[in-house]
file upload_7.cif (mmCIF, C-alpha atoms)
data_upload
#
loop_
_atom_site.label_atom_id
_atom_site.label_comp_id
_atom_site.auth_asym_id
_atom_site.auth_seq_id
_atom_site.Cartn_x
_atom_site.Cartn_y
_atom_site.Cartn_z
CA MET U 411 138.87 7.51 111.42
CA ASN U 412 139.31 11.04 110.13
CA ALA U 413 139.88 13.91 112.54
CA PRO U 414 136.88 16.22 112.86
CA ARG U 415 136.73 18.92 110.20
CA LYS U 416 138.33 22.16 111.32
CA LEU U 417 135.98 25.08 111.78
CA LYS U 418 136.49 27.90 109.28
CA VAL U 419 136.89 31.29 110.93
CA ALA U 420 136.92 34.67 109.20
CA THR U 421 137.80 37.93 110.95
CA THR U 422 137.83 41.57 109.91
CA SER U 423 138.11 45.05 111.36
CA LEU U 424 135.59 47.63 110.12
CA ALA U 425 135.56 50.99 111.96
CA GLY U 426 137.93 49.61 114.57
CA CYS U 427 141.56 50.11 115.55
CA PHE U 428 142.69 46.47 115.29
CA GLY U 429 143.04 46.53 119.07
CA CYS U 430 140.58 43.62 119.33
CA HIS U 431 142.66 41.63 116.82
CA MET U 432 145.76 42.44 118.91
CA SER U 433 143.92 41.23 121.99
CA PHE U 434 142.98 38.06 120.08
CA LEU U 435 146.70 37.49 119.34
CA ASP U 436 147.29 38.07 123.06
CA ILE U 437 146.00 34.54 123.70
CA ASP U 438 149.66 33.83 122.82
CA GLU U 439 150.62 30.15 122.57
CA ARG U 440 146.98 29.17 123.04
CA LEU U 441 146.64 30.24 119.39
CA LEU U 442 148.40 26.96 118.53
CA ASP U 443 145.85 25.01 120.57
CA LEU U 444 143.10 26.90 118.79
CA LEU U 445 144.56 26.02 115.38
CA GLU U 446 143.94 22.35 116.19
CA PHE U 447 140.23 23.16 115.88
CA ILE U 448 140.00 26.08 113.45
CA GLU U 449 141.50 27.38 110.23
CA PHE U 450 141.36 30.97 109.06
CA ASP U 451 139.56 32.14 105.96
CA ARG U 452 139.45 35.90 105.26
CA SER U 453 141.39 37.63 108.02
CA PRO U 454 144.22 40.14 108.48
CA LEU U 455 146.19 37.05 109.53
CA THR U 456 145.85 35.40 106.10
CA ASP U 457 145.36 38.41 103.82
CA ILE U 458 142.59 36.54 101.98
CA LYS U 459 140.52 39.33 100.44
CA HIS U 460 137.02 37.83 100.39
CA CYS U 461 135.15 35.64 102.79
CA GLY U 462 134.13 32.14 101.66
CA PRO U 463 131.61 29.92 103.45
CA CYS U 464 132.63 29.94 107.12
CA ASP U 465 131.48 28.58 110.44
CA ILE U 466 132.40 31.63 112.52
CA GLY U 467 132.73 35.29 111.51
CA ILE U 468 134.33 37.72 113.93
CA ILE U 469 133.69 41.43 113.35
CA GLU U 470 135.73 44.11 115.06
CA GLY U 471 134.59 47.72 114.73
CA GLY U 472 131.32 49.43 113.90
CA VAL U 473 130.02 50.57 110.53
CA CYS U 474 131.23 54.04 109.49
CA ASN U 475 131.28 53.92 105.68
CA ALA U 476 129.77 52.20 102.64
CA ASP U 477 132.61 49.66 102.37
CA ASN U 478 131.99 48.56 105.97
CA VAL U 479 128.39 47.79 105.02
CA HIS U 480 129.47 45.64 102.04
CA VAL U 481 132.08 43.72 104.06
CA LEU U 482 129.65 43.18 106.94
CA ARG U 483 126.97 41.84 104.58
CA GLU U 484 129.54 39.55 102.92
CA PHE U 485 130.40 38.13 106.34
CA ARG U 486 126.76 37.68 107.31
CA ALA U 487 126.00 35.93 104.02
CA ASN U 488 128.91 33.51 104.46
CA CYS U 489 129.18 32.89 108.20
CA LYS U 490 126.92 30.54 110.14
CA VAL U 491 127.70 32.36 113.37
CA LEU U 492 128.52 36.08 113.47
CA ILE U 493 130.22 37.62 116.51
CA ALA U 494 130.46 41.33 117.40
CA LEU U 495 133.91 41.60 118.98
CA GLY U 496 134.64 44.64 121.12
CA ALA U 497 133.02 47.92 122.09
CA CYS U 498 132.92 49.44 118.59
CA ALA U 499 131.12 46.47 117.00
CA VAL U 500 128.79 46.25 120.02
CA ASN U 501 127.80 49.91 120.47
CA GLY U 502 129.79 52.02 118.01
CA GLY U 503 132.57 52.77 120.48
CA LEU U 504 135.07 55.55 119.88
CA PRO U 505 134.22 56.26 116.21
CA ALA U 506 130.57 56.77 117.24
CA GLN U 507 131.65 59.69 119.40
CA ARG U 508 131.29 61.74 116.21
CA ASN U 509 127.61 60.92 115.97
CA HIS U 510 126.39 64.17 117.53
CA LEU U 511 128.40 66.19 115.00
CA ASP U 512 127.50 67.05 111.42
CA LEU U 513 129.61 64.99 108.99
CA ARG U 514 130.18 67.95 106.64
CA ASP U 515 131.38 70.08 109.58
CA ILE U 516 133.83 67.36 110.66
CA LEU U 517 135.31 66.97 107.17
CA ALA U 518 135.54 70.74 106.80
CA ALA U 519 137.25 71.06 110.18
CA VAL U 520 139.91 68.54 109.13
CA TYR U 521 140.43 69.41 105.45
CA VAL U 522 139.34 73.04 105.04
CA THR U 523 139.47 75.21 108.17
CA GLU U 524 142.29 73.41 110.02
CA GLU U 525 145.42 75.59 110.35
CA GLY U 526 148.60 74.64 108.49
CA LEU U 527 146.97 72.83 105.55
CA ALA U 528 148.81 72.82 102.23
CA PRO U 529 147.33 75.32 99.75
CA GLY U 530 144.52 73.79 97.71
CA THR U 531 143.68 71.10 100.27
CA GLN U 532 140.09 70.02 99.95
CA ILE U 533 137.80 67.30 101.25
CA PRO U 534 138.96 64.00 99.60
CA ASN U 535 136.65 63.09 96.76
CA ASP U 536 138.37 60.16 95.02
CA PRO U 537 135.81 57.66 93.67
CA GLU U 538 137.89 54.83 95.20
CA LEU U 539 137.30 56.16 98.71
CA PRO U 540 134.25 54.65 100.42
CA LEU U 541 131.67 57.25 101.32
CA PRO U 542 131.39 57.93 105.04
CA LEU U 543 127.99 57.41 106.67
CA ASN U 544 126.26 60.25 108.50
CA GLN U 545 126.56 58.31 111.75
CA VAL U 546 128.58 55.34 112.95
CA HIS U 547 126.43 52.30 113.72
CA PRO U 548 127.02 49.16 115.77
CA ILE U 549 126.85 46.11 113.53
CA HIS U 550 123.59 44.75 114.97
CA GLU U 551 121.81 47.74 113.40
CA VAL U 552 122.84 46.50 109.93
CA VAL U 553 122.84 42.66 110.10
CA ARG U 554 121.66 40.00 112.53
CA VAL U 555 124.34 39.25 115.10
CA ASP U 556 124.50 35.94 116.97
CA TYR U 557 126.90 36.78 119.80
CA PHE U 558 128.33 39.89 121.43
CA LEU U 559 131.67 40.12 123.23
CA PRO U 560 132.05 43.63 124.71
CA GLY U 561 135.25 45.27 125.90
CA CYS U 562 137.75 47.85 124.67
CA PRO U 563 139.29 45.51 123.88
CA PRO U 564 137.89 42.27 125.32
CA SER U 565 140.78 40.64 127.19
CA ALA U 566 142.64 37.72 125.65
CA ASP U 567 141.21 35.52 128.41
CA ALA U 568 137.66 36.67 127.54
CA ILE U 569 138.24 35.90 123.84
CA TRP U 570 139.76 32.51 124.71
CA LYS U 571 136.87 31.60 127.04
CA PHE U 572 134.34 32.76 124.46
CA LEU U 573 135.85 30.86 121.53
CA THR U 574 136.55 27.65 123.46
CA ASP U 575 132.97 27.66 124.76
CA LEU U 576 131.66 28.19 121.23
CA ILE U 577 133.89 25.54 119.64
CA ALA U 578 132.91 23.04 122.33
CA GLY U 579 129.26 23.67 121.51
CA ARG U 580 128.46 25.54 124.73
CA THR U 581 126.69 28.89 124.93
CA PRO U 582 129.57 31.30 125.66
CA HIS U 583 129.46 32.55 129.23
CA LEU U 584 131.94 35.15 130.43
CA GLY U 585 131.23 35.80 134.10
CA HIS U 586 132.74 38.40 136.42
CA GLY U 587 136.12 39.74 135.41
CA LEU U 588 135.78 38.68 131.77
CA ILE U 589 132.70 40.73 130.89
CA GLN U 590 133.85 44.35 130.66
CA TYR U 591 132.73 47.47 128.81
CA ASP U 592 136.02 49.37 129.04
CA MET S 973 112.75 44.35 168.62
CA SER S 974 110.58 41.60 170.00
CA GLU S 975 108.38 41.06 166.96
CA SER S 976 109.78 38.26 164.85
CA SER S 977 108.33 39.10 161.47
CA SER S 978 109.67 37.67 158.28
CA PHE S 979 108.86 37.09 154.64
CA ILE S 980 110.15 34.64 152.06
CA LEU S 981 112.51 35.89 149.34
CA ASP S 982 113.37 33.23 146.76
CA ASP S 983 112.97 30.41 149.28
CA GLN S 984 115.01 32.26 151.92
CA GLU S 985 113.43 33.57 155.12
CA ILE S 986 114.15 37.30 155.53
CA PRO S 987 113.47 38.89 158.93
CA PHE S 988 112.48 42.55 159.03
CA MET S 989 111.81 45.36 161.46
CA PRO S 990 108.57 47.34 161.29
CA GLY S 991 108.86 50.15 158.74
CA GLN S 992 111.52 48.46 156.65
CA SER S 993 111.00 48.08 152.93
CA VAL S 994 111.47 44.77 151.17
CA MET S 995 114.75 46.17 149.78
CA GLN S 996 116.03 47.28 153.20
CA ALA S 997 115.17 43.95 154.81
CA ALA S 998 116.82 42.01 151.98
CA LEU S 999 119.99 44.11 152.07
CA THR S 1000 120.15 43.83 155.86
CA ALA S 1001 119.94 40.07 155.49
CA GLY S 1002 122.79 40.17 152.97
CA VAL S 1003 120.67 39.54 149.88
CA PHE S 1004 121.44 41.95 147.03
CA ILE S 1005 118.60 43.31 144.91
CA PRO S 1006 119.81 45.27 141.85
CA HIS S 1007 118.99 48.99 142.06
CA LEU S 1008 120.09 52.38 140.72
CA CYS S 1009 117.88 55.10 142.20
CA TYR S 1010 117.81 53.59 145.71
CA HIS S 1011 120.44 54.95 148.11
CA PRO S 1012 120.61 53.89 151.77
CA GLU S 1013 120.76 57.51 152.97
CA PHE S 1014 117.73 58.74 151.03
CA ARG S 1015 114.03 58.09 150.93
CA PRO S 1016 113.17 55.53 148.25
CA HIS S 1017 112.25 56.91 144.88
CA GLY S 1018 110.97 53.89 142.95
CA SER S 1019 111.78 55.31 139.53
CA CYS S 1020 114.51 53.12 138.03
CA LYS S 1021 112.33 50.00 138.43
CA LEU S 1022 115.43 47.82 138.50
CA CYS S 1023 114.58 46.54 141.98
CA THR S 1024 111.23 45.25 140.76
CA VAL S 1025 110.33 41.92 142.36
CA LYS S 1026 107.18 39.86 142.33
CA ILE S 1027 105.32 40.04 145.62
CA ASN S 1028 102.64 37.40 145.95
CA GLY S 1029 102.72 37.15 142.16
CA ARG S 1030 102.44 40.88 141.42
CA PRO S 1031 105.32 43.12 140.28
CA ALA S 1032 106.34 45.84 142.75
CA THR S 1033 109.41 47.95 143.40
CA SER S 1034 111.11 46.46 146.45
CA CYS S 1035 112.52 49.83 147.56
CA THR S 1036 109.07 51.37 148.04
CA THR S 1037 107.07 48.38 149.23
CA PRO S 1038 106.92 47.96 153.01
CA ALA S 1039 107.87 44.49 154.15
CA ALA S 1040 104.97 42.49 155.53
CA ALA S 1041 104.88 39.18 157.34
CA GLY S 1042 104.31 36.17 155.13
CA MET S 1043 104.99 37.86 151.80
CA ALA S 1044 106.23 35.57 149.02
CA VAL S 1045 108.84 37.59 147.11
CA GLU S 1046 110.52 36.49 143.88
CA SER S 1047 113.68 38.32 142.83
CA ASN S 1048 116.30 36.02 141.36
CA THR S 1049 114.11 34.33 138.75
CA PRO S 1050 114.77 34.09 134.98
CA GLU S 1051 111.69 36.21 134.25
CA ILE S 1052 112.65 39.08 136.57
CA LEU S 1053 116.34 38.96 135.65
CA ASP S 1054 115.33 39.21 131.99
CA LYS S 1055 113.18 42.29 132.69
CA ARG S 1056 116.04 43.90 134.64
CA ARG S 1057 118.36 43.23 131.69
CA THR S 1058 115.88 44.93 129.38
CA LEU S 1059 115.71 47.99 131.68
CA LEU S 1060 119.52 48.24 131.67
CA GLN S 1061 119.62 47.85 127.89
CA MET S 1062 117.11 50.67 127.47
CA LEU S 1063 119.16 52.93 129.76
CA LEU S 1064 122.34 52.04 127.86
CA VAL S 1065 120.91 52.99 124.45
CA GLU S 1066 119.13 56.16 125.66
CA GLY S 1067 122.32 57.89 126.76
CA ASN S 1068 125.90 57.91 125.51
CA HIS S 1069 127.58 55.37 127.75
CA PHE S 1070 131.09 55.14 126.34
CA CYS S 1071 132.82 53.32 129.20
CA PRO S 1072 136.37 53.36 127.76
CA SER S 1073 136.59 57.14 128.19
CA CYS S 1074 134.58 57.43 131.41
CA GLU S 1075 136.34 58.31 134.67
CA LYS S 1076 133.62 56.48 136.60
CA SER S 1077 134.38 53.17 134.88
CA GLY S 1078 134.99 50.52 137.52
CA PHE S 1079 132.99 52.56 140.06
CA CYS S 1080 129.78 52.88 138.02
CA MET S 1081 126.65 51.14 139.26
CA LEU S 1082 125.08 50.98 135.79
CA GLN S 1083 128.20 49.26 134.46
CA ALA S 1084 128.52 46.96 137.48
CA LEU S 1085 124.88 45.90 137.17
CA GLY S 1086 125.41 45.24 133.46
CA TYR S 1087 128.23 42.89 134.42
CA GLU S 1088 126.18 41.36 137.25
CA LEU S 1089 123.23 40.61 135.00
CA GLY S 1090 125.31 39.60 131.99
CA VAL S 1091 124.28 42.41 129.63
CA VAL S 1092 126.60 41.96 126.64
CA ALA S 1093 124.50 43.44 123.84
CA PRO S 1094 122.64 46.75 123.44
CA ARG S 1095 119.75 44.81 121.82
CA PHE S 1096 118.02 48.05 120.75
CA SER S 1097 119.13 50.74 118.30
CA LEU S 1098 121.31 53.35 119.96
CA LEU S 1099 119.81 56.84 120.15
CA TYR S 1100 123.10 58.78 120.39
CA PRO S 1101 121.47 61.87 121.95
CA THR S 1102 123.24 65.22 121.76
CA ARG S 1103 124.02 66.31 125.30
CA PRO S 1104 126.82 68.90 125.65
CA VAL S 1105 128.91 68.68 128.82
CA ASP S 1106 129.07 71.52 131.36
CA ALA S 1107 132.70 72.18 132.32
CA SER S 1108 132.01 75.69 133.65
CA HIS S 1109 132.48 74.90 137.35
CA PRO S 1110 136.10 75.13 138.57
CA ASP S 1111 135.97 71.87 140.54
CA VAL S 1112 133.24 69.73 138.98
CA LEU S 1113 132.50 68.43 135.48
CA LEU S 1114 128.93 67.60 134.45
CA ASP S 1115 128.68 65.01 131.67
CA PHE S 1116 124.97 64.74 130.92
CA ASN S 1117 125.60 61.98 128.35
CA ARG S 1118 125.55 59.43 131.16
CA CYS S 1119 122.54 60.64 133.15
CA ILE S 1120 119.99 57.94 133.99
CA LEU S 1121 117.51 60.31 135.71
CA CYS S 1122 117.74 58.63 139.14
CA GLU S 1123 117.30 62.06 140.79
CA LEU S 1124 119.82 61.27 143.54
CA CYS S 1125 121.70 64.55 142.93
CA ILE S 1126 118.39 66.40 142.98
CA ARG S 1127 117.36 64.76 146.26
CA ALA S 1128 120.80 65.36 147.82
CA SER S 1129 120.95 69.00 146.75
CA THR S 1130 117.40 69.64 147.95
CA GLU S 1131 117.18 67.56 151.13
CA VAL S 1132 120.77 67.62 152.42
CA ASP S 1133 122.54 70.63 150.91
CA GLY S 1134 119.46 72.87 150.81
CA LYS S 1135 120.74 74.35 147.55
CA PHE S 1136 118.26 73.17 144.90
CA VAL S 1137 121.02 73.05 142.27
CA PHE S 1138 119.55 70.28 140.09
CA ALA S 1139 116.15 69.49 138.60
CA LEU S 1140 114.60 67.45 135.80
CA SER S 1141 113.03 69.20 132.83
CA GLY S 1142 111.02 67.90 129.87
CA ARG S 1143 108.76 64.88 129.51
CA GLY S 1144 109.18 61.30 128.32
CA ILE S 1145 112.22 60.67 126.16
CA LYS S 1146 113.03 64.41 126.31
CA LYS S 1147 113.34 64.42 130.09
CA HIS S 1148 116.78 65.63 131.12
CA LEU S 1149 118.80 66.94 134.04
CA VAL S 1150 119.09 70.72 134.27
CA VAL S 1151 121.05 73.11 136.47
CA ASN S 1152 119.07 75.69 138.42
CA ALA S 1153 120.72 78.87 137.14
CA GLU S 1154 119.59 81.47 134.66
CA SER S 1155 122.52 80.59 132.42
CA GLY S 1156 121.97 76.86 133.01
CA LYS S 1157 125.65 76.61 133.96
CA LEU S 1158 126.90 74.96 137.14
CA ALA S 1159 129.44 77.77 137.64
CA ASP S 1160 126.52 80.18 138.21
CA THR S 1161 125.20 78.22 141.19
CA ASN S 1162 126.56 77.90 144.73
CA PHE S 1163 127.35 74.21 144.08
CA SER S 1164 130.48 72.95 145.79
CA LEU S 1165 132.56 69.77 145.60
CA ALA S 1166 131.84 69.24 149.30
CA ASP S 1167 128.09 69.04 148.66
CA LYS S 1168 126.31 65.74 149.20
CA ALA S 1169 125.01 66.12 145.65
CA ALA S 1170 128.59 65.85 144.37
CA GLN S 1171 128.98 62.41 145.91
CA VAL S 1172 125.82 60.44 145.13
CA CYS S 1173 125.80 60.04 141.34
CA PRO S 1174 125.69 56.27 140.65
CA VAL S 1175 127.03 56.84 137.12
CA GLY S 1176 129.55 59.26 135.63
CA VAL S 1177 127.64 62.56 135.41
CA ILE S 1178 129.02 64.53 138.37
CA LEU S 1179 132.80 64.17 138.39
CA PRO S 1180 135.50 65.97 140.40
CA LYS S 1181 138.00 67.65 138.11
CA ARG S 1182 141.72 66.76 138.14
CA LYS S 1183 141.10 63.34 139.72
CA GLY S 1184 140.31 61.19 136.70
CA PHE S 1185 141.57 57.61 136.43
CA ALA S 1186 143.38 57.89 139.80
CA VAL S 1187 142.74 54.23 140.62
CA PRO S 1188 144.40 51.70 138.29
CA ILE S 1189 142.32 49.08 136.47
CA GLY S 1190 142.17 46.01 138.68
CA GLN S 1191 141.87 48.02 141.91
CA ARG S 1192 138.61 49.83 141.22
CA ARG S 1193 135.49 49.38 143.31
CA PHE S 1194 133.84 46.67 141.25
CA ASP S 1195 136.97 45.06 139.72
CA ALA S 1196 137.68 42.38 142.30
CA ALA S 1197 134.14 41.33 143.16
CA PRO S 1198 130.77 41.84 141.47
CA ILE S 1199 128.35 44.44 142.84
CA SER S 1200 126.25 41.75 144.52
CA ALA S 1201 129.25 40.97 146.76
CA HIS S 1202 129.22 44.63 147.90
CA VAL S 1203 125.83 44.18 149.56
CA ASP S 1204 127.11 45.48 152.92
CA GLU S 1205 127.76 48.90 151.36
CA PHE S 1206 124.07 49.27 150.56
CA LYS S 1207 122.64 48.31 153.94
CA PRO S 1208 120.22 50.84 155.40
CA VAL S 1209 121.70 53.43 157.72
CA VAL S 1210 120.01 54.31 160.99
CA SER S 1211 120.40 57.93 162.08
CA ALA S 1212 121.18 59.06 165.63
CA GLN S 1213 117.46 59.67 166.15
CA GLY S 1214 116.78 56.09 165.19
CA GLU S 1215 115.03 57.20 162.00
CA ARG S 1216 115.44 55.38 158.77
CA PRO S 1217 114.98 57.11 155.47
#
call {"tool": "encode", "arguments": {"input": "upload_7.cif", "output": "structure tokens"}}
result
Amino acid sequence: MNAPRKLKVATTSLAGCFGCHMSFLDIDERLLDLLEFIEFDRSPLTDIKHCGPCDIGIIEGGVCNADNVHVLREFRANCKVLIALGACAVNGGLPAQRNHLDLRDILAAVYVTEEGLAPGTQIPNDPELPLPLNQVHPIHEVVRVDYFLPGCPPSADAIWKFLTDLIAGRTPHLGHGLIQYD
Amino acid sequence: MSESSSFILDDQEIPFMPGQSVMQAALTAGVFIPHLCYHPEFRPHGSCKLCTVKINGRPATSCTTPAAAGMAVESNTPEILDKRRTLLQMLLVEGNHFCPSCEKSGFCMLQALGYELGVVAPRFSLLYPTRPVDASHPDVLLDFNRCILCELCIRASTEVDGKFVFALSGRGIKKHLVVNAESGKLADTNFSLADKAAQVCPVGVILPKRKGFAVPIGQRRFDAAPISAHVDEFKPVVSAQGERP
């Protein structure tokens, strides 16, 4: 009899710091146990550039620019289950702390009025650069999200509990000590 | 107390003394009812609605409803827990509650209740209001981003300190905490770190300066045990005159 098909998992970091991915790697040797049940599609771990049909999509970070929106929609279109991993994906997190400021003022403060800039420095305008959004949004404001795992970052134990619950077909339940907002 | 009055809370018999609210009787009996604007040293306010229970089938705030013999009170039911979660989610999206940078994290009742009730998602769209902080006072920082309008600082400043430093202004979604000074700045009041009002904020609005993050993660108030296990800390206090708030 064939072994059960491995679940395909894709991960990405949008407006995040990769801290949630680092925390994911913090499950240490349990990653090997996990690989008995899953295989990675698009992820920083595989360097695959586009997401194919997947069972689980894990999104770190909120949505701060046009590229984030495209990547997030690609994940939603391809993943049966989409997970918001970490504070930024759940509620915008640190990048969203710019939301009460005017975007033009922020760019000007960094590239125009900041002291010590090289002569001729101006706000980057290369067509290859994704356009920043006026405000940073948590991902549930752009696509439907199936599960949320808060934390900055969620601990390795929280990620392990969450994924093992999900893979076993249980509704993920964190409980005290694993659910955290900071 | 000779009278042996009691009511039923989720199938448990809760004794009470005359004059006690449902909340006070439950807490005295060691049963935690989630709350934010209730404080054992102050008169109940009934505004956060988190302590809403069903009494004989009708919703009521347990902090303001006097206990009566024979009441049938529901608190820990899926329906009520779901409504409490919704209230917390609305509070979380109305302000800017960025826990990773908050000095109150680990001591915050809003956060601890989110953990207790399993709030993992904001559910609604975040409003990201613009609320500048007031760092004018030499000893105290005011971060209005986290205010949940419980009015505890207002009650403490008015009833205990006699200083009338805080008030609410505006209506509906525009309601906000203000400082009672012509400049609107805390430095232009007689507010002091020793005031009762400096010690009652359940969230991270009123913070002492130069003391941030003094307690390591893992040793903070709500790290080891969930807020419901801290029920003893919320039991009603009886003053020397035998009066209860």
call {"tool": "resolve_selection", "arguments": {"input": "upload_7.cif", "expression": "the PyMOL selection byres ((chain U) within 12 of (chain S))", "output": "number ranges by chain"}}
result
U: 493-512, 545-552, 554-564, 582-592
call {"tool": "write_last_selection", "arguments": {"input": "upload_7.cif", "atoms": "C-alpha atoms", "output": "PDB file, in the coordinates of the input"}}
result
ATOM      1  CA  ILE U 493     130.220  37.620 116.510  1.00  0.00           C
ATOM      2  CA  ALA U 494     130.460  41.330 117.400  1.00  0.00           C
ATOM      3  CA  LEU U 495     133.910  41.600 118.980  1.00  0.00           C
ATOM      4  CA  GLY U 496     134.640  44.640 121.120  1.00  0.00           C
ATOM      5  CA  ALA U 497     133.020  47.920 122.090  1.00  0.00           C
ATOM      6  CA  CYS U 498     132.920  49.440 118.590  1.00  0.00           C
ATOM      7  CA  ALA U 499     131.120  46.470 117.000  1.00  0.00           C
ATOM      8  CA  VAL U 500     128.790  46.250 120.020  1.00  0.00           C
ATOM      9  CA  ASN U 501     127.800  49.910 120.470  1.00  0.00           C
ATOM     10  CA  GLY U 502     129.790  52.020 118.010  1.00  0.00           C
ATOM     11  CA  GLY U 503     132.570  52.770 120.480  1.00  0.00           C
ATOM     12  CA  LEU U 504     135.070  55.550 119.880  1.00  0.00           C
ATOM     13  CA  PRO U 505     134.220  56.260 116.210  1.00  0.00           C
ATOM     14  CA  ALA U 506     130.570  56.770 117.240  1.00  0.00           C
ATOM     15  CA  GLN U 507     131.650  59.690 119.400  1.00  0.00           C
ATOM     16  CA  ARG U 508     131.290  61.740 116.210  1.00  0.00           C
ATOM     17  CA  ASN U 509     127.610  60.920 115.970  1.00  0.00           C
ATOM     18  CA  HIS U 510     126.390  64.170 117.530  1.00  0.00           C
ATOM     19  CA  LEU U 511     128.400  66.190 115.000  1.00  0.00           C
ATOM     20  CA  ASP U 512     127.500  67.050 111.420  1.00  0.00           C
ATOM     21  CA  GLN U 545     126.560  58.310 111.750  1.00  0.00           C
ATOM     22  CA  VAL U 546     128.580  55.340 112.950  1.00  0.00           C
ATOM     23  CA  HIS U 547     126.430  52.300 113.720  1.00  0.00           C
ATOM     24  CA  PRO U 548     127.020  49.160 115.770  1.00  0.00           C
ATOM     25  CA  ILE U 549     126.850  46.110 113.530  1.00  0.00           C
ATOM     26  CA  HIS U 550     123.590  44.750 114.970  1.00  0.00           C
ATOM     27  CA  GLU U 551     121.810  47.740 113.400  1.00  0.00           C
ATOM     28  CA  VAL U 552     122.840  46.500 109.930  1.00  0.00           C
ATOM     29  CA  ARG U 554     121.660  40.000 112.530  1.00  0.00           C
ATOM     30  CA  VAL U 555     124.340  39.250 115.100  1.00  0.00           C
ATOM     31  CA  ASP U 556     124.500  35.940 116.970  1.00  0.00           C
ATOM     32  CA  TYR U 557     126.900  36.780 119.800  1.00  0.00           C
ATOM     33  CA  PHE U 558     128.330  39.890 121.430  1.00  0.00           C
ATOM     34  CA  LEU U 559     131.670  40.120 123.230  1.00  0.00           C
ATOM     35  CA  PRO U 560     132.050  43.630 124.710  1.00  0.00           C
ATOM     36  CA  GLY U 561     135.250  45.270 125.900  1.00  0.00           C
ATOM     37  CA  CYS U 562     137.750  47.850 124.670  1.00  0.00           C
ATOM     38  CA  PRO U 563     139.290  45.510 123.880  1.00  0.00           C
ATOM     39  CA  PRO U 564     137.890  42.270 125.320  1.00  0.00           C
ATOM     40  CA  PRO U 582     129.570  31.300 125.660  1.00  0.00           C
ATOM     41  CA  HIS U 583     129.460  32.550 129.230  1.00  0.00           C
ATOM     42  CA  LEU U 584     131.940  35.150 130.430  1.00  0.00           C
ATOM     43  CA  GLY U 585     131.230  35.800 134.100  1.00  0.00           C
ATOM     44  CA  HIS U 586     132.740  38.400 136.420  1.00  0.00           C
ATOM     45  CA  GLY U 587     136.120  39.740 135.410  1.00  0.00           C
ATOM     46  CA  LEU U 588     135.780  38.680 131.770  1.00  0.00           C
ATOM     47  CA  ILE U 589     132.700  40.730 130.890  1.00  0.00           C
ATOM     48  CA  GLN U 590     133.850  44.350 130.660  1.00  0.00           C
ATOM     49  CA  TYR U 591     132.730  47.470 128.810  1.00  0.00           C
ATOM     50  CA  ASP U 592     136.020  49.370 129.040  1.00  0.00           C
TER      51      ASP U 592
END
call {"tool": "closest_residue", "arguments": {"input": "upload_7.cif", "among": "U:Ala518, U:Ile437, U:Ala578, U:Asn478", "to": "Leu539 of chain U", "atoms": "all atoms listed in the file"}}
result
U:Asn478
call {"tool": "resolve_selection", "arguments": {"input": "upload_7.cif", "expression": "the PyMOL selection byres ((chain S and resi 1126-1142) around 7)", "output": "PyMOL selection string"}}
result
chain S and resi 1123-1125+1143+1146-1152+1161+1163+1167-1169
call {"tool": "atom_distance", "arguments": {"input": "upload_7.cif", "atom1": "atom CA of Ser423 of chain U", "atom2": "atom CA of Gly471 of chain U"}}
result
5.6 Å
call {"tool": "resolve_selection", "arguments": {"input": "upload_7.cif", "expression": "the PyMOL selection byres ((chain S and resi 1016-1020) around 9)", "output": "PyMOL selection string"}}
result
chain S and resi 1007-1012+1014-1015+1021-1024+1033-1036+1059+1120-1124+1217
call {"tool": "atom_distance", "arguments": {"input": "upload_7.cif", "atom1": "atom CA of Val522 of chain U", "atom2": "atom CA of Ala425 of chain U"}}
result
23.4 Å
call {"tool": "closest_residue", "arguments": {"input": "upload_7.cif", "among": "S:Gln992, S:Arg1193, S:Ser1047, S:Gln1061", "to": "Glu1205 of chain S", "atoms": "all atoms listed in the file"}}
result
S:Arg1193
call {"tool": "atom_distance", "arguments": {"input": "upload_7.cif", "atom1": "atom CA of Ile448 of chain U", "atom2": "atom CA of Ala487 of chain U"}}
result
19.5 Å
call {"tool": "residues_near_point", "arguments": {"input": "upload_7.cif", "point": "(132.0, 29.9, 102.9)", "cutoff": "12 Å", "atoms": "only C-alpha atoms", "output": "VMD selection string"}}
result
chain U and resid 417 to 420 450 to 452 460 to 467 484 to 491
call {"tool": "closest_residue", "arguments": {"input": "upload_7.cif", "among": "S:Ser977, S:Gln996, S:Glu1051, S:Arg1056", "to": "Phe1206 of chain S", "atoms": "all atoms listed in the file"}}
result
S:Gln996
call {"tool": "residues_near_point", "arguments": {"input": "upload_7.cif", "point": "(139.7, 68.7, 138.9)", "cutoff": "8 Å", "atoms": "all atoms listed in the file", "output": "ChimeraX atom specification"}}
result
/S:1110-1113,1180-1184
call {"tool": "write_last_selection", "arguments": {"input": "upload_7.cif", "atoms": "C-alpha atoms", "output": "compact mmCIF listing (two decimals), in the frame of the given file"}}
result
# COMPACT_ATOMS: atom_id res chain seq x y z
CA PRO S 1110 136.10 75.13 138.57
CA ASP S 1111 135.97 71.87 140.54
CA VAL S 1112 133.24 69.73 138.98
CA LEU S 1113 132.50 68.43 135.48
CA PRO S 1180 135.50 65.97 140.40
CA LYS S 1181 138.00 67.65 138.11
CA ARG S 1182 141.72 66.76 138.14
CA LYS S 1183 141.10 63.34 139.72
CA GLY S 1184 140.31 61.19 136.70
call {"tool": "closest_residue", "arguments": {"input": "upload_7.cif", "among": "S:Ser1200, S:Asn1028, S:Thr1037, S:Gln1171", "to": "Ala997 of chain S", "atoms": "all atoms listed in the file"}}
result
S:Thr1037
call {"tool": "residues_around", "arguments": {"input": "upload_7.cif", "residues": "Val520 of chain U", "least_positions_apart": "4", "cutoff": "10 Å", "atoms": "only C-alpha atoms", "output": "count of residues only"}}
result
8
